[in-house]
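This is entry_11.txt. It holds compact mmCIF, N, CA and C atoms.
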```
# COMPACT_ATOMS: atom_id res chain seq x y z
N MET A 11 16.67 3.82 12.05
CA MET A 11 16.57 2.97 10.88
C MET A 11 16.84 3.82 9.64
N ARG A 12 17.62 3.29 8.72
CA ARG A 12 17.91 4.01 7.47
C ARG A 12 16.66 4.13 6.61
N GLU A 13 16.66 5.15 5.72
CA GLU A 13 15.50 5.37 4.85
C GLU A 13 15.22 4.15 3.97
N ASP A 14 16.26 3.54 3.42
CA ASP A 14 16.08 2.34 2.59
C ASP A 14 15.49 1.20 3.40
N ASP A 15 15.92 1.05 4.63
CA ASP A 15 15.39 -0.01 5.49
C ASP A 15 13.91 0.23 5.80
N LEU A 16 13.55 1.50 6.02
CA LEU A 16 12.15 1.84 6.27
C LEU A 16 11.29 1.53 5.05
N LEU A 17 11.75 1.90 3.86
CA LEU A 17 11.00 1.59 2.65
C LEU A 17 10.85 0.08 2.48
N ASP A 18 11.93 -0.66 2.74
CA ASP A 18 11.86 -2.13 2.64
C ASP A 18 10.81 -2.68 3.59
N ALA A 19 10.79 -2.17 4.82
CA ALA A 19 9.82 -2.65 5.82
C ALA A 19 8.40 -2.31 5.40
N VAL A 20 8.19 -1.12 4.85
CA VAL A 20 6.84 -0.72 4.44
C VAL A 20 6.38 -1.55 3.25
N PHE A 21 7.23 -1.70 2.23
CA PHE A 21 6.85 -2.51 1.08
C PHE A 21 6.59 -3.96 1.49
N SER A 22 7.39 -4.49 2.38
CA SER A 22 7.20 -5.86 2.86
C SER A 22 5.86 -5.98 3.61
N ALA A 23 5.57 -5.00 4.43
CA ALA A 23 4.31 -5.02 5.17
C ALA A 23 3.11 -4.94 4.23
N LEU A 24 3.22 -4.14 3.18
CA LEU A 24 2.12 -3.97 2.23
C LEU A 24 1.97 -5.15 1.29
N ALA A 25 2.93 -6.05 1.29
CA ALA A 25 2.90 -7.17 0.34
C ALA A 25 1.83 -8.21 0.68
N HIS A 26 1.29 -8.18 1.87
CA HIS A 26 0.30 -9.19 2.28
C HIS A 26 -1.11 -8.61 2.24
N PRO A 27 -2.06 -9.32 1.61
CA PRO A 27 -3.42 -8.78 1.49
C PRO A 27 -4.13 -8.56 2.83
N THR A 28 -3.84 -9.37 3.82
CA THR A 28 -4.46 -9.18 5.14
C THR A 28 -4.02 -7.86 5.74
N ARG A 29 -2.74 -7.55 5.60
CA ARG A 29 -2.24 -6.30 6.16
C ARG A 29 -2.79 -5.09 5.40
N ARG A 30 -2.95 -5.21 4.09
CA ARG A 30 -3.57 -4.12 3.33
C ARG A 30 -5.03 -3.94 3.76
N ALA A 31 -5.73 -5.03 4.03
CA ALA A 31 -7.12 -4.95 4.49
C ALA A 31 -7.19 -4.29 5.88
N ILE A 32 -6.24 -4.59 6.72
CA ILE A 32 -6.19 -3.96 8.05
C ILE A 32 -5.99 -2.45 7.89
N LEU A 33 -5.08 -2.06 7.01
CA LEU A 33 -4.86 -0.63 6.78
C LEU A 33 -6.10 0.05 6.22
N ALA A 34 -6.79 -0.64 5.32
CA ALA A 34 -8.03 -0.08 4.75
C ALA A 34 -9.05 0.15 5.85
N ARG A 35 -9.15 -0.78 6.77
CA ARG A 35 -10.08 -0.62 7.90
C ARG A 35 -9.67 0.56 8.78
N LEU A 36 -8.35 0.69 9.03
CA LEU A 36 -7.87 1.77 9.89
C LEU A 36 -7.98 3.14 9.21
N ALA A 37 -8.09 3.16 7.90
CA ALA A 37 -8.29 4.42 7.19
C ALA A 37 -9.64 5.04 7.57
N LYS A 38 -10.55 4.22 8.09
CA LYS A 38 -11.86 4.71 8.53
C LYS A 38 -11.83 5.25 9.95
N GLY A 39 -10.74 4.98 10.67
CA GLY A 39 -10.63 5.48 12.04
C GLY A 39 -10.02 4.45 12.98
N LYS A 40 -9.72 4.90 14.18
CA LYS A 40 -9.14 4.04 15.21
C LYS A 40 -10.09 2.90 15.54
N THR A 41 -9.50 1.76 15.91
CA THR A 41 -10.32 0.64 16.35
C THR A 41 -9.47 -0.31 17.18
N THR A 42 -10.12 -1.24 17.81
CA THR A 42 -9.42 -2.21 18.66
C THR A 42 -8.87 -3.36 17.83
N VAL A 43 -7.94 -4.08 18.42
CA VAL A 43 -7.37 -5.26 17.78
C VAL A 43 -8.48 -6.29 17.53
N ASN A 44 -9.37 -6.47 18.49
CA ASN A 44 -10.46 -7.44 18.32
C ASN A 44 -11.35 -7.06 17.14
N ALA A 45 -11.66 -5.79 17.00
CA ALA A 45 -12.48 -5.35 15.87
C ALA A 45 -11.75 -5.55 14.55
N LEU A 46 -10.44 -5.33 14.55
CA LEU A 46 -9.66 -5.56 13.33
C LEU A 46 -9.65 -7.03 12.96
N ALA A 47 -9.62 -7.90 13.96
CA ALA A 47 -9.54 -9.35 13.72
C ALA A 47 -10.86 -9.95 13.25
N GLU A 48 -11.97 -9.29 13.57
CA GLU A 48 -13.30 -9.84 13.33
C GLU A 48 -13.56 -10.36 11.91
N PRO A 49 -13.23 -9.62 10.85
CA PRO A 49 -13.60 -10.11 9.51
C PRO A 49 -12.69 -11.21 8.96
N PHE A 50 -11.61 -11.53 9.65
CA PHE A 50 -10.64 -12.50 9.13
C PHE A 50 -10.87 -13.89 9.69
N ASP A 51 -10.70 -14.87 8.84
CA ASP A 51 -10.83 -16.26 9.24
C ASP A 51 -9.48 -16.77 9.72
N MET A 52 -9.02 -16.17 10.84
CA MET A 52 -7.76 -16.57 11.44
C MET A 52 -7.81 -16.24 12.93
N SER A 53 -6.89 -16.80 13.65
CA SER A 53 -6.87 -16.61 15.09
C SER A 53 -6.45 -15.18 15.45
N LEU A 54 -6.80 -14.76 16.65
CA LEU A 54 -6.40 -13.45 17.14
C LEU A 54 -4.87 -13.31 17.18
N PRO A 55 -4.13 -14.36 17.63
CA PRO A 55 -2.67 -14.25 17.60
C PRO A 55 -2.12 -14.05 16.18
N ALA A 56 -2.75 -14.67 15.18
CA ALA A 56 -2.29 -14.49 13.80
C ALA A 56 -2.52 -13.06 13.33
N VAL A 57 -3.68 -12.50 13.65
CA VAL A 57 -3.95 -11.10 13.30
C VAL A 57 -2.99 -10.19 14.05
N SER A 58 -2.71 -10.51 15.30
CA SER A 58 -1.78 -9.71 16.09
C SER A 58 -0.39 -9.68 15.46
N LYS A 59 0.02 -10.79 14.86
CA LYS A 59 1.31 -10.82 14.16
C LYS A 59 1.31 -9.86 12.98
N HIS A 60 0.21 -9.84 12.24
CA HIS A 60 0.11 -8.91 11.12
C HIS A 60 0.15 -7.46 11.62
N ILE A 61 -0.53 -7.21 12.71
CA ILE A 61 -0.53 -5.86 13.29
C ILE A 61 0.88 -5.47 13.73
N ARG A 62 1.59 -6.41 14.30
CA ARG A 62 2.97 -6.13 14.74
C ARG A 62 3.87 -5.78 13.54
N VAL A 63 3.69 -6.48 12.42
CA VAL A 63 4.47 -6.17 11.21
C VAL A 63 4.17 -4.75 10.76
N LEU A 64 2.88 -4.39 10.74
CA LEU A 64 2.48 -3.04 10.35
C LEU A 64 3.04 -2.00 11.32
N GLU A 65 3.02 -2.32 12.58
CA GLU A 65 3.54 -1.41 13.60
C GLU A 65 5.05 -1.23 13.44
N ASN A 66 5.77 -2.33 13.21
CA ASN A 66 7.22 -2.26 13.03
C ASN A 66 7.60 -1.46 11.79
N ALA A 67 6.73 -1.46 10.78
CA ALA A 67 6.97 -0.68 9.56
C ALA A 67 6.54 0.78 9.75
N GLY A 68 5.96 1.10 10.89
CA GLY A 68 5.54 2.46 11.17
C GLY A 68 4.20 2.83 10.56
N LEU A 69 3.48 1.84 10.01
CA LEU A 69 2.21 2.11 9.35
C LEU A 69 1.04 2.27 10.31
N ILE A 70 1.17 1.71 11.49
CA ILE A 70 0.13 1.88 12.51
C ILE A 70 0.78 2.14 13.86
N SER A 71 0.00 2.70 14.73
CA SER A 71 0.44 2.87 16.11
C SER A 71 -0.65 2.33 17.02
N ARG A 72 -0.23 1.94 18.22
CA ARG A 72 -1.19 1.43 19.20
C ARG A 72 -1.11 2.29 20.45
N GLU A 73 -2.27 2.49 21.05
CA GLU A 73 -2.34 3.24 22.29
C GLU A 73 -3.32 2.55 23.22
N LYS A 74 -3.11 2.75 24.49
CA LYS A 74 -3.99 2.14 25.47
C LYS A 74 -5.05 3.17 25.87
N ASP A 75 -6.32 2.73 25.81
CA ASP A 75 -7.45 3.57 26.23
C ASP A 75 -8.26 2.72 27.20
N ALA A 76 -8.09 3.01 28.48
CA ALA A 76 -8.70 2.20 29.54
C ALA A 76 -8.20 0.77 29.38
N GLN A 77 -9.10 -0.20 29.20
CA GLN A 77 -8.66 -1.59 29.05
C GLN A 77 -8.47 -1.99 27.59
N PHE A 78 -8.69 -1.06 26.66
CA PHE A 78 -8.60 -1.38 25.24
C PHE A 78 -7.28 -0.91 24.65
N ARG A 79 -6.81 -1.65 23.65
CA ARG A 79 -5.65 -1.24 22.86
C ARG A 79 -6.17 -0.80 21.51
N LEU A 80 -6.09 0.49 21.25
CA LEU A 80 -6.59 1.04 20.00
C LEU A 80 -5.46 1.15 18.98
N CYS A 81 -5.78 0.79 17.75
CA CYS A 81 -4.84 0.92 16.64
C CYS A 81 -5.27 2.09 15.77
N SER A 82 -4.30 2.81 15.24
CA SER A 82 -4.62 3.90 14.31
C SER A 82 -3.59 3.90 13.18
N LEU A 83 -4.01 4.45 12.06
CA LEU A 83 -3.19 4.50 10.86
C LEU A 83 -2.20 5.65 10.95
N ASN A 84 -0.97 5.40 10.53
CA ASN A 84 0.04 6.43 10.41
C ASN A 84 0.34 6.57 8.92
N THR A 85 -0.01 7.69 8.32
CA THR A 85 0.13 7.85 6.88
C THR A 85 1.52 8.31 6.43
N ASP A 86 2.40 8.65 7.35
CA ASP A 86 3.74 9.13 6.97
C ASP A 86 4.49 8.13 6.08
N PRO A 87 4.54 6.84 6.44
CA PRO A 87 5.25 5.90 5.56
C PRO A 87 4.62 5.76 4.18
N ILE A 88 3.32 5.92 4.10
CA ILE A 88 2.65 5.85 2.80
C ILE A 88 3.05 7.07 1.96
N GLN A 89 3.15 8.22 2.59
CA GLN A 89 3.62 9.42 1.89
C GLN A 89 5.06 9.24 1.44
N ASP A 90 5.88 8.57 2.25
CA ASP A 90 7.27 8.30 1.86
C ASP A 90 7.33 7.44 0.60
N ILE A 91 6.43 6.47 0.48
CA ILE A 91 6.37 5.63 -0.71
C ILE A 91 5.94 6.48 -1.91
N ALA A 92 4.95 7.34 -1.72
CA ALA A 92 4.49 8.20 -2.81
C ALA A 92 5.63 9.10 -3.28
N THR A 93 6.39 9.64 -2.37
CA THR A 93 7.53 10.49 -2.71
C THR A 93 8.58 9.69 -3.47
N TRP A 94 8.86 8.48 -3.00
CA TRP A 94 9.86 7.64 -3.65
C TRP A 94 9.44 7.27 -5.07
N THR A 95 8.17 6.90 -5.25
CA THR A 95 7.71 6.49 -6.58
C THR A 95 7.60 7.67 -7.54
N GLU A 96 7.41 8.87 -7.00
CA GLU A 96 7.27 10.05 -7.85
C GLU A 96 8.50 10.27 -8.73
N GLN A 97 9.67 9.89 -8.24
CA GLN A 97 10.89 10.09 -9.03
C GLN A 97 10.92 9.24 -10.29
N TYR A 98 10.02 8.25 -10.38
CA TYR A 98 9.96 7.37 -11.54
C TYR A 98 8.76 7.68 -12.45
N ARG A 99 7.98 8.66 -12.09
CA ARG A 99 6.78 8.98 -12.85
C ARG A 99 7.09 9.30 -14.32
N HIS A 100 8.15 10.04 -14.56
CA HIS A 100 8.47 10.42 -15.94
C HIS A 100 8.74 9.20 -16.82
N ILE A 101 9.27 8.14 -16.25
CA ILE A 101 9.52 6.92 -17.01
C ILE A 101 8.19 6.30 -17.44
N TRP A 102 7.26 6.17 -16.49
CA TRP A 102 5.96 5.58 -16.80
C TRP A 102 5.17 6.45 -17.76
N ASP A 103 5.22 7.76 -17.55
CA ASP A 103 4.50 8.67 -18.44
C ASP A 103 5.00 8.51 -19.87
N ALA A 104 6.32 8.44 -20.04
CA ALA A 104 6.89 8.28 -21.39
C ALA A 104 6.46 6.96 -22.01
N ARG A 105 6.46 5.90 -21.22
CA ARG A 105 6.06 4.58 -21.74
C ARG A 105 4.58 4.56 -22.12
N PHE A 106 3.74 5.20 -21.33
CA PHE A 106 2.32 5.26 -21.67
C PHE A 106 2.09 6.10 -22.92
N ASP A 107 2.87 7.17 -23.08
CA ASP A 107 2.75 7.99 -24.29
C ASP A 107 3.10 7.17 -25.53
N VAL A 108 4.18 6.39 -25.47
CA VAL A 108 4.59 5.54 -26.59
C VAL A 108 3.51 4.49 -26.87
N MET A 109 2.99 3.87 -25.82
CA MET A 109 1.94 2.87 -26.01
C MET A 109 0.70 3.50 -26.63
N GLY A 110 0.34 4.68 -26.19
CA GLY A 110 -0.82 5.37 -26.75
C GLY A 110 -0.63 5.66 -28.24
N GLN A 111 0.57 6.08 -28.61
CA GLN A 111 0.84 6.35 -30.01
C GLN A 111 0.78 5.07 -30.84
N LEU A 112 1.32 3.97 -30.30
CA LEU A 112 1.25 2.69 -31.01
C LEU A 112 -0.20 2.25 -31.21
N LEU A 113 -1.01 2.41 -30.20
CA LEU A 113 -2.42 2.04 -30.32
C LEU A 113 -3.14 2.91 -31.36
N ASN A 114 -2.83 4.20 -31.38
CA ASN A 114 -3.41 5.09 -32.39
C ASN A 114 -2.98 4.68 -33.79
N ASP A 115 -1.69 4.34 -33.94
CA ASP A 115 -1.18 3.90 -35.25
C ASP A 115 -1.88 2.62 -35.69
N MET A 116 -2.10 1.70 -34.78
CA MET A 116 -2.77 0.44 -35.10
C MET A 116 -4.22 0.71 -35.52
N LYS A 117 -4.88 1.62 -34.82
CA LYS A 117 -6.27 1.95 -35.14
C LYS A 117 -6.36 2.58 -36.53
N GLU A 118 -5.44 3.49 -36.81
CA GLU A 118 -5.43 4.14 -38.13
C GLU A 118 -5.20 3.12 -39.24
N THR A 119 -4.34 2.14 -39.01
CA THR A 119 -4.08 1.10 -40.00
C THR A 119 -5.33 0.26 -40.22
N ASP A 120 -6.03 -0.05 -39.14
CA ASP A 120 -7.27 -0.85 -39.24
C ASP A 120 -8.38 -0.07 -39.95
N ASP A 121 -8.38 1.26 -39.81
CA ASP A 121 -9.42 2.10 -40.41
C ASP A 121 -9.19 2.42 -41.88
N GLU A 122 -8.00 2.10 -42.41
CA GLU A 122 -7.71 2.42 -43.81
C GLU A 122 -8.56 1.56 -44.74
N PRO A 123 -9.04 2.16 -45.83
CA PRO A 123 -9.86 1.40 -46.78
C PRO A 123 -9.05 0.27 -47.43
N GLY A 124 -9.72 -0.82 -47.71
CA GLY A 124 -9.08 -1.95 -48.37
C GLY A 124 -8.39 -2.90 -47.42
N GLN A 125 -8.51 -2.69 -46.17
CA GLN A 125 -7.86 -3.57 -45.18
C GLN A 125 -8.75 -4.69 -44.76
```
Spit out the file's structure as structure tokens when you get a sec.
Amino acid sequence: MREDDLLDAVFSALAHPTRRAILARLAKGKTTVNALAEPFDMSLPAVSKHIRVLENAGLISREKDAQFRLCSLNTDPIQDIATWTEQYRHIWDARFDVMGQLLNDMKETDDEPGQ
């Protein structure tokens, strides 16, 4: 899969709040599909679909342990996103600097006597 396709898959997977919640749970450690499904008000097949999307994006992996299927977090795609966004940091930093200066100018204008 091309790098752009991988980023598209990861961003698409992260776009859904249920999938982000699943990743947050997996950040605490490996767990079963049933345990991942427990807090959600949806069927096990629906949660399994979300897990499959995350797996296809490379964000999680599944392994068999006896009769259980354990899911675990794969942080490599998240690091890829961090690397990709880092190239735009200078743009945001510059915009925040300008906004900060505008706010300071507005405060100074408000603090002037006779206003």
For Lys40 in chain A, which residue among A:Thr93, A:Gln111, A:Ser53, A:Ser82 is the nearest when counting only N, CA and C atoms?
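Residue with the minimum atom-to-atom distance to Lys40 in chain A: A:Ser82.
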Given only C-alpha atoms as the counted atoms, nearest of A:Leu54, A:Leu33, A:Ile91, A:Val43 to Glu73 in chain A:
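The closest residue to Glu73 in chain A is A:Val43.
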Enumerate, as a compact mmCIF listing (two decimals) with N, CA and C atoms, in the coordinates of the input, the complete set of residues in range 17-113 of chain A that a backbone-based DSSP assignment places in helix (DSSP H, G or I).
```txt
# COMPACT_ATOMS: atom_id res chain seq x y z
N LEU A 17 11.75 1.90 3.86
CA LEU A 17 11.00 1.59 2.65
C LEU A 17 10.85 0.08 2.48
N ASP A 18 11.93 -0.66 2.74
CA ASP A 18 11.86 -2.13 2.64
C ASP A 18 10.81 -2.68 3.59
N ALA A 19 10.79 -2.17 4.82
CA ALA A 19 9.82 -2.65 5.82
C ALA A 19 8.40 -2.31 5.40
N VAL A 20 8.19 -1.12 4.85
CA VAL A 20 6.84 -0.72 4.44
C VAL A 20 6.38 -1.55 3.25
N PHE A 21 7.23 -1.70 2.23
CA PHE A 21 6.85 -2.51 1.08
C PHE A 21 6.59 -3.96 1.49
N SER A 22 7.39 -4.49 2.38
CA SER A 22 7.20 -5.86 2.86
C SER A 22 5.86 -5.98 3.61
N ALA A 23 5.57 -5.00 4.43
CA ALA A 23 4.31 -5.02 5.17
C ALA A 23 3.11 -4.94 4.23
N LEU A 24 3.22 -4.14 3.18
CA LEU A 24 2.12 -3.97 2.23
C LEU A 24 1.97 -5.15 1.29
N PRO A 27 -2.06 -9.32 1.61
CA PRO A 27 -3.42 -8.78 1.49
C PRO A 27 -4.13 -8.56 2.83
N THR A 28 -3.84 -9.37 3.82
CA THR A 28 -4.46 -9.18 5.14
C THR A 28 -4.02 -7.86 5.74
N ARG A 29 -2.74 -7.55 5.60
CA ARG A 29 -2.24 -6.30 6.16
C ARG A 29 -2.79 -5.09 5.40
N ARG A 30 -2.95 -5.21 4.09
CA ARG A 30 -3.57 -4.12 3.33
C ARG A 30 -5.03 -3.94 3.76
N ALA A 31 -5.73 -5.03 4.03
CA ALA A 31 -7.12 -4.95 4.49
C ALA A 31 -7.19 -4.29 5.88
N ILE A 32 -6.24 -4.59 6.72
CA ILE A 32 -6.19 -3.96 8.05
C ILE A 32 -5.99 -2.45 7.89
N LEU A 33 -5.08 -2.06 7.01
CA LEU A 33 -4.86 -0.63 6.78
C LEU A 33 -6.10 0.05 6.22
N ALA A 34 -6.79 -0.64 5.32
CA ALA A 34 -8.03 -0.08 4.75
C ALA A 34 -9.05 0.15 5.85
N ARG A 35 -9.15 -0.78 6.77
CA ARG A 35 -10.08 -0.62 7.90
C ARG A 35 -9.67 0.56 8.78
N LEU A 36 -8.35 0.69 9.03
CA LEU A 36 -7.87 1.77 9.89
C LEU A 36 -7.98 3.14 9.21
N VAL A 43 -7.94 -4.08 18.42
CA VAL A 43 -7.37 -5.26 17.78
C VAL A 43 -8.48 -6.29 17.53
N ASN A 44 -9.37 -6.47 18.49
CA ASN A 44 -10.46 -7.44 18.32
C ASN A 44 -11.35 -7.06 17.14
N ALA A 45 -11.66 -5.79 17.00
CA ALA A 45 -12.48 -5.35 15.87
C ALA A 45 -11.75 -5.55 14.55
N LEU A 46 -10.44 -5.33 14.55
CA LEU A 46 -9.66 -5.56 13.33
C LEU A 46 -9.65 -7.03 12.96
N ALA A 47 -9.62 -7.90 13.96
CA ALA A 47 -9.54 -9.35 13.72
C ALA A 47 -10.86 -9.95 13.25
N LEU A 54 -6.80 -14.76 16.65
CA LEU A 54 -6.40 -13.45 17.14
C LEU A 54 -4.87 -13.31 17.18
N PRO A 55 -4.13 -14.36 17.63
CA PRO A 55 -2.67 -14.25 17.60
C PRO A 55 -2.12 -14.05 16.18
N ALA A 56 -2.75 -14.67 15.18
CA ALA A 56 -2.29 -14.49 13.80
C ALA A 56 -2.52 -13.06 13.33
N VAL A 57 -3.68 -12.50 13.65
CA VAL A 57 -3.95 -11.10 13.30
C VAL A 57 -2.99 -10.19 14.05
N SER A 58 -2.71 -10.51 15.30
CA SER A 58 -1.78 -9.71 16.09
C SER A 58 -0.39 -9.68 15.46
N LYS A 59 0.02 -10.79 14.86
CA LYS A 59 1.31 -10.82 14.16
C LYS A 59 1.31 -9.86 12.98
N HIS A 60 0.21 -9.84 12.24
CA HIS A 60 0.11 -8.91 11.12
C HIS A 60 0.15 -7.46 11.62
N ILE A 61 -0.53 -7.21 12.71
CA ILE A 61 -0.53 -5.86 13.29
C ILE A 61 0.88 -5.47 13.73
N ARG A 62 1.59 -6.41 14.30
CA ARG A 62 2.97 -6.13 14.74
C ARG A 62 3.87 -5.78 13.54
N VAL A 63 3.69 -6.48 12.42
CA VAL A 63 4.47 -6.17 11.21
C VAL A 63 4.17 -4.75 10.76
N LEU A 64 2.88 -4.39 10.74
CA LEU A 64 2.48 -3.04 10.35
C LEU A 64 3.04 -2.00 11.32
N GLU A 65 3.02 -2.32 12.58
CA GLU A 65 3.54 -1.41 13.60
C GLU A 65 5.05 -1.23 13.44
N ASN A 66 5.77 -2.33 13.21
CA ASN A 66 7.22 -2.26 13.03
C ASN A 66 7.60 -1.46 11.79
N ASP A 86 2.40 8.65 7.35
CA ASP A 86 3.74 9.13 6.97
C ASP A 86 4.49 8.13 6.08
N PRO A 87 4.54 6.84 6.44
CA PRO A 87 5.25 5.90 5.56
C PRO A 87 4.62 5.76 4.18
N ILE A 88 3.32 5.92 4.10
CA ILE A 88 2.65 5.85 2.80
C ILE A 88 3.05 7.07 1.96
N GLN A 89 3.15 8.22 2.59
CA GLN A 89 3.62 9.42 1.89
C GLN A 89 5.06 9.24 1.44
N ASP A 90 5.88 8.57 2.25
CA ASP A 90 7.27 8.30 1.86
C ASP A 90 7.33 7.44 0.60
N ILE A 91 6.43 6.47 0.48
CA ILE A 91 6.37 5.63 -0.71
C ILE A 91 5.94 6.48 -1.91
N ALA A 92 4.95 7.34 -1.72
CA ALA A 92 4.49 8.20 -2.81
C ALA A 92 5.63 9.10 -3.28
N THR A 93 6.39 9.64 -2.37
CA THR A 93 7.53 10.49 -2.71
C THR A 93 8.58 9.69 -3.47
N TRP A 94 8.86 8.48 -3.00
CA TRP A 94 9.86 7.64 -3.65
C TRP A 94 9.44 7.27 -5.07
N THR A 95 8.17 6.90 -5.25
CA THR A 95 7.71 6.49 -6.58
C THR A 95 7.60 7.67 -7.54
N GLU A 96 7.41 8.87 -7.00
CA GLU A 96 7.27 10.05 -7.85
C GLU A 96 8.50 10.27 -8.73
N ARG A 99 7.98 8.66 -12.09
CA ARG A 99 6.78 8.98 -12.85
C ARG A 99 7.09 9.30 -14.32
N HIS A 100 8.15 10.04 -14.56
CA HIS A 100 8.47 10.42 -15.94
C HIS A 100 8.74 9.20 -16.82
N ILE A 101 9.27 8.14 -16.25
CA ILE A 101 9.52 6.92 -17.01
C ILE A 101 8.19 6.30 -17.44
N TRP A 102 7.26 6.17 -16.49
CA TRP A 102 5.96 5.58 -16.80
C TRP A 102 5.17 6.45 -17.76
N ASP A 103 5.22 7.76 -17.55
CA ASP A 103 4.50 8.67 -18.44
C ASP A 103 5.00 8.51 -19.87
N ALA A 104 6.32 8.44 -20.04
CA ALA A 104 6.89 8.28 -21.39
C ALA A 104 6.46 6.96 -22.01
N ARG A 105 6.46 5.90 -21.22
CA ARG A 105 6.06 4.58 -21.74
C ARG A 105 4.58 4.56 -22.12
N PHE A 106 3.74 5.20 -21.33
CA PHE A 106 2.32 5.26 -21.67
C PHE A 106 2.09 6.10 -22.92
N ASP A 107 2.87 7.17 -23.08
CA ASP A 107 2.75 7.99 -24.29
C ASP A 107 3.10 7.17 -25.53
N VAL A 108 4.18 6.39 -25.47
CA VAL A 108 4.59 5.54 -26.59
C VAL A 108 3.51 4.49 -26.87
N MET A 109 2.99 3.87 -25.82
CA MET A 109 1.94 2.87 -26.01
C MET A 109 0.70 3.50 -26.63
N GLY A 110 0.34 4.68 -26.19
CA GLY A 110 -0.82 5.37 -26.75
C GLY A 110 -0.63 5.66 -28.24
N GLN A 111 0.57 6.08 -28.61
CA GLN A 111 0.84 6.35 -30.01
C GLN A 111 0.78 5.07 -30.84
N LEU A 112 1.32 3.97 -30.30
CA LEU A 112 1.25 2.69 -31.01
C LEU A 112 -0.20 2.25 -31.21
N LEU A 113 -1.01 2.41 -30.20
CA LEU A 113 -2.42 2.04 -30.32
C LEU A 113 -3.14 2.91 -31.36
```
Counting only C-alpha atoms, the residue of A:Ile88, A:Ala56, A:Ala31, A:Ala45 that sits nearest Leu69 in chain A
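So, comparing all the options, the nearest one is A:Ile88.
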Which one is closest to Leu36 in chain A: A:Cys81, A:Leu113, A:Ala92, A:Ala76? Count all atoms listed in the file.
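Of A:Cys81, A:Leu113, A:Ala92, A:Ala76, the one nearest Leu36 in chain A is A:Cys81, counting all atoms listed in the file.
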Point out the residue among A:Pro87, A:Asp103, A:Glu65, A:Asp15 with the least atom-to-atom distance to Ile32 in chain A, counting only C-alpha atoms.
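Checking each candidate against Ile32 in chain A, we get A:Glu65 as the closest.
When atom C of Leu24 in chain A is paired with CA of Thr41 in chain A, their separation reads 20.3 Å.
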As a PyMOL selection string, which residues of chain A does DSSP assign to strand (DSSP E or B)?
chain A and resi 41-42+70-75+78-83
Could you pull the residues within 7 Å of His60 in chain A, counting all atoms listed in the file, minus those fewer than 5 positions along the same chain, as a ChimeraX atom specification?
/A:28-29,55,65
May I ask which of the residues A:Ala67, A:Ile61, A:Ala104, A:Leu46 is the closest one to Phe21 in chain A, counting only N, CA and C atoms?
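Ranked by minimum distance to Phe21 in chain A, first place goes to A:Ala67.
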Mind checking which residues fall within 7 Å of Thr42 in chain A, counting only N, CA and C atoms, ignoring those fewer than 6 positions away in the same chain, and posting them as a list in words?
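The neighbour list is Phe78, Arg79, Leu80 and Cys81 of chain A.
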Would you work out the distance separating atom N of Ile70 in chain A from atom C of Thr85 in chain A, expressed in Å to one decimal?
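So the two atoms, atom N of Ile70 in chain A and atom C of Thr85 in chain A, lie 8.3 Å apart.
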